[in-house]
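Below is target11.tsv, which holds TSV, C-alpha atoms.
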chain	number	residue	atom	x	y	z
A	130	MET	CA	-31.26	-41.07	-12.43
A	131	PHE	CA	-27.62	-41.96	-13.13
A	132	HIS	CA	-25.02	-40.27	-15.31
A	133	THR	CA	-21.95	-42.26	-14.24
A	134	ILE	CA	-21.39	-45.95	-13.44
A	135	LEU	CA	-18.28	-47.26	-11.68
A	136	PHE	CA	-17.66	-50.98	-12.00
A	137	ASP	CA	-15.46	-53.21	-9.89
A	138	LEU	CA	-13.80	-56.05	-11.79
A	139	ASP	CA	-13.11	-59.12	-9.61
A	140	ASP	CA	-16.28	-61.09	-8.91
A	141	THR	CA	-18.29	-58.32	-10.55
A	142	LEU	CA	-17.59	-57.98	-14.28
A	143	LEU	CA	-15.12	-60.87	-14.26
A	144	GLY	CA	-16.12	-64.21	-12.78
A	145	ASP	CA	-13.31	-64.73	-10.34
A	146	SER	CA	-12.48	-63.70	-6.82
A	147	SER	CA	-9.19	-62.42	-5.51
A	148	GLU	CA	-9.02	-65.38	-3.14
A	149	ASP	CA	-9.33	-67.86	-6.02
A	150	PHE	CA	-7.14	-66.09	-8.54
A	151	THR	CA	-4.31	-64.76	-6.38
A	152	PRO	CA	-2.62	-68.11	-5.59
A	153	TYR	CA	-2.25	-68.91	-9.31
A	154	TYR	CA	-1.04	-65.38	-10.01
A	155	LEU	CA	1.57	-65.42	-7.26
A	156	GLU	CA	2.77	-68.87	-8.24
A	157	ALA	CA	3.32	-67.73	-11.83
A	158	LEU	CA	4.91	-64.46	-10.73
A	159	GLY	CA	7.27	-66.18	-8.32
A	160	ALA	CA	8.28	-68.78	-10.90
A	161	HIS	CA	9.05	-66.07	-13.46
A	162	PHE	CA	11.30	-64.14	-11.09
A	163	ASP	CA	12.93	-67.17	-9.51
A	164	PRO	CA	16.02	-67.04	-11.80
A	165	PHE	CA	16.57	-63.36	-10.99
A	166	THR	CA	15.94	-62.99	-7.27
A	167	GLY	CA	14.70	-66.30	-6.00
A	168	LYS	CA	10.97	-67.01	-5.82
A	169	SER	CA	10.48	-66.55	-2.08
A	170	LEU	CA	12.48	-63.34	-1.90
A	171	PHE	CA	10.62	-61.74	-4.79
A	172	LEU	CA	7.21	-62.64	-3.38
A	173	GLN	CA	8.36	-61.22	-0.07
A	174	GLY	CA	9.07	-57.99	-1.93
A	175	VAL	CA	5.66	-58.10	-3.63
A	176	SER	CA	3.99	-58.44	-0.26
A	177	ALA	CA	5.93	-55.43	1.03
A	178	GLY	CA	4.97	-53.44	-2.06
A	179	VAL	CA	1.28	-54.21	-1.73
A	180	GLU	CA	1.33	-53.37	1.97
A	181	ALA	CA	3.02	-50.06	1.18
A	182	MET	CA	0.31	-49.15	-1.32
A	183	LEU	CA	-2.37	-49.89	1.28
A	184	ILE	CA	-0.94	-47.53	3.87
A	185	ASP	CA	0.67	-44.76	1.81
A	186	GLU	CA	-1.17	-41.44	2.12
A	187	ARG	CA	0.84	-39.33	-0.34
A	188	THR	CA	-1.29	-37.95	-3.15
A	189	ALA	CA	1.65	-36.93	-5.36
A	190	VAL	CA	3.23	-40.40	-5.57
A	191	SER	CA	1.71	-43.09	-7.79
A	192	ASN	CA	0.89	-46.52	-6.43
A	193	ALA	CA	3.42	-47.91	-8.91
A	194	ASP	CA	6.24	-45.81	-7.45
A	195	VAL	CA	5.22	-46.74	-3.91
A	196	PHE	CA	5.12	-50.43	-4.85
A	197	TRP	CA	8.51	-50.56	-6.56
A	198	HIS	CA	10.26	-48.51	-3.90
A	199	ALA	CA	9.03	-50.82	-1.14
A	200	LEU	CA	9.76	-53.97	-3.15
A	201	THR	CA	13.35	-53.03	-3.96
A	202	GLU	CA	13.98	-51.82	-0.40
A	203	GLU	CA	12.75	-55.18	0.87
A	204	ILE	CA	14.77	-57.45	-1.40
A	205	GLY	CA	17.82	-55.26	-2.13
A	206	HIS	CA	17.77	-55.53	-5.92
A	207	ASN	CA	17.95	-52.85	-8.59
A	208	SER	CA	14.46	-51.95	-9.75
A	209	ALA	CA	15.36	-51.15	-13.39
A	210	ALA	CA	16.11	-54.76	-14.35
A	211	LEU	CA	13.17	-56.06	-12.36
A	212	LYS	CA	10.79	-53.66	-14.11
A	213	VAL	CA	11.93	-55.01	-17.47
A	214	GLU	CA	11.16	-58.54	-16.32
A	215	SER	CA	7.85	-57.37	-14.92
A	216	SER	CA	6.89	-56.08	-18.37
A	217	ASN	CA	7.92	-59.43	-19.85
A	218	PHE	CA	5.82	-61.29	-17.29
A	219	TYR	CA	2.64	-59.33	-17.96
A	220	ARG	CA	3.17	-59.62	-21.71
A	221	ASP	CA	4.08	-63.30	-21.93
A	222	VAL	CA	2.92	-65.11	-18.79
A	223	PHE	CA	-0.01	-63.27	-17.28
A	224	PRO	CA	-2.33	-63.95	-20.26
A	225	GLN	CA	-1.93	-67.68	-19.57
A	226	LEU	CA	-3.85	-67.25	-16.31
A	227	GLU	CA	-7.16	-66.67	-18.09
A	228	PRO	CA	-8.39	-70.27	-17.41
A	229	HIS	CA	-8.49	-69.42	-13.71
A	230	THR	CA	-11.24	-66.88	-14.37
A	231	LYS	CA	-14.76	-67.16	-15.75
A	232	ARG	CA	-16.43	-64.94	-18.33
A	233	ASN	CA	-19.99	-63.90	-17.59
A	234	PRO	CA	-21.97	-63.38	-20.84
A	235	THR	CA	-24.03	-60.70	-19.11
A	236	THR	CA	-20.98	-58.45	-18.77
A	237	LEU	CA	-20.81	-57.58	-22.46
A	238	LYS	CA	-24.56	-56.98	-22.76
A	239	LEU	CA	-24.48	-54.81	-19.67
A	240	MET	CA	-21.58	-52.73	-20.91
A	241	GLN	CA	-23.19	-52.23	-24.31
A	242	TYR	CA	-26.36	-51.08	-22.59
A	243	CYS	CA	-24.57	-48.57	-20.35
A	244	PHE	CA	-22.77	-46.98	-23.27
A	245	ALA	CA	-25.96	-46.94	-25.33
A	246	ARG	CA	-27.57	-44.92	-22.54
A	247	GLY	CA	-24.77	-42.39	-22.84
A	248	TRP	CA	-23.48	-42.88	-19.30
A	249	LYS	CA	-19.89	-42.33	-18.30
A	250	VAL	CA	-18.39	-45.69	-17.40
A	251	ALA	CA	-15.25	-46.18	-15.33
A	252	ILE	CA	-13.52	-49.40	-14.34
A	253	ALA	CA	-12.94	-48.95	-10.62
A	254	THR	CA	-10.84	-52.00	-9.88
A	255	ASN	CA	-8.42	-51.83	-6.96
A	256	PRO	CA	-5.31	-50.25	-8.56
A	257	VAL	CA	-2.67	-52.65	-7.31
A	258	TYR	CA	-1.98	-54.12	-10.78
A	259	PRO	CA	-0.13	-52.48	-13.70
A	260	ARG	CA	-2.14	-51.39	-16.71
A	261	PRO	CA	-1.25	-54.42	-18.90
A	262	ALA	CA	-2.74	-56.73	-16.26
A	263	ILE	CA	-5.93	-54.70	-15.93
A	264	GLU	CA	-6.34	-54.53	-19.69
A	265	GLU	CA	-5.83	-58.28	-19.97
A	266	ARG	CA	-8.41	-58.97	-17.29
A	267	LEU	CA	-10.93	-56.72	-19.04
A	268	ARG	CA	-10.29	-58.74	-22.18
A	269	TRP	CA	-10.97	-61.92	-20.21
A	270	ALA	CA	-14.26	-60.37	-19.08
A	271	GLY	CA	-15.21	-59.73	-22.72
A	272	VAL	CA	-15.14	-55.94	-22.41
A	273	ALA	CA	-11.68	-54.96	-23.62
A	274	VAL	CA	-10.39	-51.39	-23.48
A	275	THR	CA	-10.35	-51.38	-27.27
A	276	ALA	CA	-14.07	-52.12	-27.38
A	277	PHE	CA	-15.39	-49.29	-25.19
A	278	ALA	CA	-14.48	-45.68	-24.52
A	279	TYR	CA	-14.13	-45.96	-20.76
A	280	ALA	CA	-13.94	-42.65	-18.94
A	281	ARG	CA	-11.24	-44.14	-16.71
A	282	VAL	CA	-9.58	-47.46	-15.95
A	283	THR	CA	-7.70	-47.37	-12.67
A	284	THR	CA	-4.26	-48.97	-12.52
A	285	TYR	CA	-1.32	-48.63	-10.19
A	286	GLU	CA	0.33	-46.21	-12.62
A	287	ASN	CA	-2.51	-43.65	-12.64
A	288	SER	CA	-3.69	-43.87	-9.03
A	289	THR	CA	-2.31	-42.65	-5.71
A	290	ALA	CA	-4.76	-44.41	-3.40
A	291	VAL	CA	-6.31	-47.86	-3.13
A	292	LYS	CA	-9.57	-49.29	-1.83
A	293	PRO	CA	-11.13	-48.83	0.68
A	294	ASN	CA	-9.69	-45.32	1.00
A	295	PRO	CA	-12.48	-42.90	-0.06
A	296	LEU	CA	-9.77	-40.77	-1.70
A	297	TYR	CA	-9.51	-43.45	-4.40
A	298	TYR	CA	-13.10	-42.82	-5.43
A	299	GLN	CA	-12.78	-39.06	-5.07
A	300	GLN	CA	-9.89	-39.12	-7.51
A	301	ILE	CA	-11.92	-41.07	-10.05
A	302	LEU	CA	-14.76	-38.55	-9.93
A	303	GLN	CA	-12.31	-35.66	-10.26
A	304	LYS	CA	-10.57	-37.24	-13.25
A	305	ILE	CA	-13.80	-37.92	-15.13
A	306	ASP	CA	-15.53	-34.68	-14.07
A	307	SER	CA	-18.45	-36.34	-12.29
A	308	ILE	CA	-20.12	-35.73	-8.94
A	309	PRO	CA	-21.34	-38.21	-6.31
A	310	VAL	CA	-25.03	-37.51	-6.89
A	311	GLY	CA	-26.02	-39.51	-9.95
A	312	THR	CA	-22.99	-41.82	-9.75
A	313	LEU	CA	-23.50	-45.51	-9.05
A	314	MET	CA	-20.82	-47.90	-7.78
A	315	VAL	CA	-21.29	-51.57	-8.63
A	316	GLY	CA	-19.13	-54.05	-6.75
A	317	ASN	CA	-19.03	-57.24	-4.72
A	318	ASP	CA	-16.96	-56.16	-1.72
A	319	TRP	CA	-19.03	-54.49	0.97
A	320	GLY	CA	-16.04	-52.97	2.74
A	321	HIS	CA	-14.12	-51.90	-0.36
A	322	ASP	CA	-16.86	-51.04	-2.85
A	323	ILE	CA	-19.96	-50.12	-0.88
A	324	MET	CA	-19.02	-48.43	2.39
A	325	PRO	CA	-16.51	-45.86	1.08
A	326	THR	CA	-18.68	-44.84	-1.88
A	327	VAL	CA	-21.82	-44.45	0.21
A	328	GLU	CA	-19.76	-42.36	2.63
A	329	LEU	CA	-18.97	-40.01	-0.26
A	330	GLY	CA	-22.60	-39.73	-1.33
A	331	LEU	CA	-22.60	-42.15	-4.27
A	332	SER	CA	-25.30	-44.72	-4.82
A	333	ALA	CA	-24.22	-48.36	-4.64
A	334	TYR	CA	-25.38	-51.76	-5.87
A	335	TRP	CA	-23.92	-54.79	-4.09
A	336	ILE	CA	-23.11	-57.77	-6.32
A	337	ASN	CA	-23.60	-61.07	-4.49
A	338	ASP	CA	-25.11	-64.52	-5.02
A	339	GLY	CA	-28.65	-63.17	-5.12
A	340	LYS	CA	-29.52	-64.94	-1.88
A	341	THR	CA	-27.43	-63.17	0.76
A	342	ASP	CA	-28.98	-60.29	2.68
A	343	PRO	CA	-26.90	-57.08	2.77
A	344	PRO	CA	-25.42	-55.94	6.09
A	345	ASP	CA	-27.45	-52.72	5.79
A	346	PRO	CA	-30.07	-52.66	3.02
A	347	ASP	CA	-30.77	-48.97	3.59
A	348	LEU	CA	-27.30	-48.06	2.28
A	349	ILE	CA	-27.76	-49.49	-1.21
A	350	VAL	CA	-30.14	-49.26	-4.15
A	351	GLY	CA	-30.16	-53.02	-4.54
A	352	CYS	CA	-28.20	-56.25	-4.44
A	353	GLY	CA	-27.96	-59.50	-6.35
A	354	THR	CA	-26.12	-61.20	-9.18
A	355	LEU	CA	-24.82	-59.35	-12.23
A	356	ASP	CA	-27.88	-60.63	-14.14
A	357	MET	CA	-30.10	-59.12	-11.47
A	358	PHE	CA	-28.22	-55.84	-11.69
A	359	PHE	CA	-28.71	-55.78	-15.46
A	360	GLU	CA	-32.44	-56.19	-14.92
A	361	TYR	CA	-32.39	-53.41	-12.33
A	362	ILE	CA	-30.47	-50.93	-14.44
A	363	GLN	CA	-32.88	-51.36	-17.34
A	364	ARG	CA	-35.74	-50.25	-15.10
A	365	VAL	CA	-34.22	-46.97	-13.89
Do you think you could lay out the structure here as structure tokens?
Amino acid sequence: MFHTILFDLDDTLLGDSSEDFTPYYLEALGAHFDPFTGKSLFLQGVSAGVEAMLIDERTAVSNADVFWHALTEEIGHNSAALKVESSNFYRDVFPQLEPHTKRNPTTLKLMQYCFARGWKVAIATNPVYPRPAIEERLRWAGVAVTAFAYARVTTYENSTAVKPNPLYYQQILQKIDSIPVGTLMVGNDWGHDIMPTVELGLSAYWINDGKTDPPDPDLIVGCGTLDMFFEYIQRV
């Protein structure tokens, strides 16, 4: 039935939500850059960079380049020195944020099962983070990049679109040589994970609390917790 599985990360494989995690992340990021640019100014630049990634339509410019151009334009600082400090932050500080997430023991069992079935597996997390951050968060989830041969892990370096732009998902399928039919997207965000993938012809499973009814049940193959998804995928 399926040959390819795309997994979201936040509130899907990793037990945290962007709303819960982001304040801790931004606080740590701002504190790290405070001696260089001032905390408020740098976070103002980050906001401009994220906004630029959301609206940029160029397919030949990486999200990373879009982000750093907008950030440095906003705050008026040289990007070279800031990029060095960014690398230091994700190496030394970002790993300390793990306590603000929760590991789901089902994630590892699920991933092992998917690879045992011979499916292509891609990590389709919104590519607004650099690769070191995505790799760290996969480690927090218990499914590190060193443990599995993922077909693709999207980051802001290797992507030119972000969710919910359908182009983001089209690019994943192109890079891993898969087609919509037989590909399943698994994610918790109806607007970012479900709607654009269904629009492209993918199947979709909506991760939620197992009690909430989907906005449109006819669009998806199922919904529920990650445990419920694991039960579902073993039946297909």
Work out how far apart atom CA of Gln299 of chain A and atom CA of Pro325 of chain A are and give it in Å to one decimal.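 Between atom CA of Gln299 of chain A and atom CA of Pro325 of chain A the gap is 9.9 Å.
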Which polymer residues have any atom within 7 Å of an atom of Asp137 of chain A, counting all atoms listed in the file, with same-chain residues fewer than 4 positions away left out, as number ranges by chain? A: 141-142, 252-254, 315-316
For the residues in the current selection, export C-alpha atoms as a PDB file, in the coordinates of the input.
ATOM      1  CA  THR A 141     -18.290 -58.320 -10.550  1.00  0.00           C
ATOM      2  CA  LEU A 142     -17.590 -57.980 -14.280  1.00  0.00           C
ATOM      3  CA  ILE A 252     -13.520 -49.400 -14.340  1.00  0.00           C
ATOM      4  CA  ALA A 253     -12.940 -48.950 -10.620  1.00  0.00           C
ATOM      5  CA  THR A 254     -10.840 -52.000  -9.880  1.00  0.00           C
ATOM      6  CA  VAL A 315     -21.290 -51.570  -8.630  1.00  0.00           C
ATOM      7  CA  GLY A 316     -19.130 -54.050  -6.750  1.00  0.00           C
TER       8      GLY A 316
END
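For the choices A:Met130, A:Ala333, A:Val213, A:Leu302, the atom-to-atom distance to Thr283 of chain A is smallest for A:Leu302 when using only C-alpha atoms.
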Quick one: residues within 12 Å of Asp145 of chain A, all atoms listed in the file counted, chain neighbours fewer than 5 positions away excluded, as a PyMOL selection string? chain A and resi 137-140+150-151+153+226-233+266+269-270+317
Can you pull out every residue within 10 Å of Arg246 of chain A, counting only C-alpha atoms, but drop anything in the same chain fewer than 4 positions away, and send it as a ChimeraX atom specification? /A:131-132,240-242,363
Please save C-alpha atoms of the selected residues as an mmCIF file, in the frame of the given file.
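Heads up, here's the output in again-v2.cif:
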data_model
loop_
_atom_site.group_PDB
_atom_site.id
_atom_site.type_symbol
_atom_site.label_atom_id
_atom_site.label_comp_id
_atom_site.auth_asym_id
_atom_site.auth_seq_id
_atom_site.Cartn_x
_atom_site.Cartn_y
_atom_site.Cartn_z
ATOM 1 C CA PHE A 131 -27.620 -41.960 -13.130
ATOM 2 C CA HIS A 132 -25.020 -40.270 -15.310
ATOM 3 C CA MET A 240 -21.580 -52.730 -20.910
ATOM 4 C CA GLN A 241 -23.190 -52.230 -24.310
ATOM 5 C CA TYR A 242 -26.360 -51.080 -22.590
ATOM 6 C CA GLN A 363 -32.880 -51.360 -17.340
#
Give me, as a ChimeraX atom specification, all polymer residues having an atom no more than 10 Å from Arg268 of chain A, counting all atoms listed in the file and skipping those fewer than 6 positions away in the same chain. /A:143,224,227,232,262,274-276
Let me make sure I understand: among A:Ile308, A:Thr289, A:Thr284, A:Asp345, which one has the smallest atom-to-atom distance to Gly320 of chain A if we use only C-alpha atoms? A:Asp345
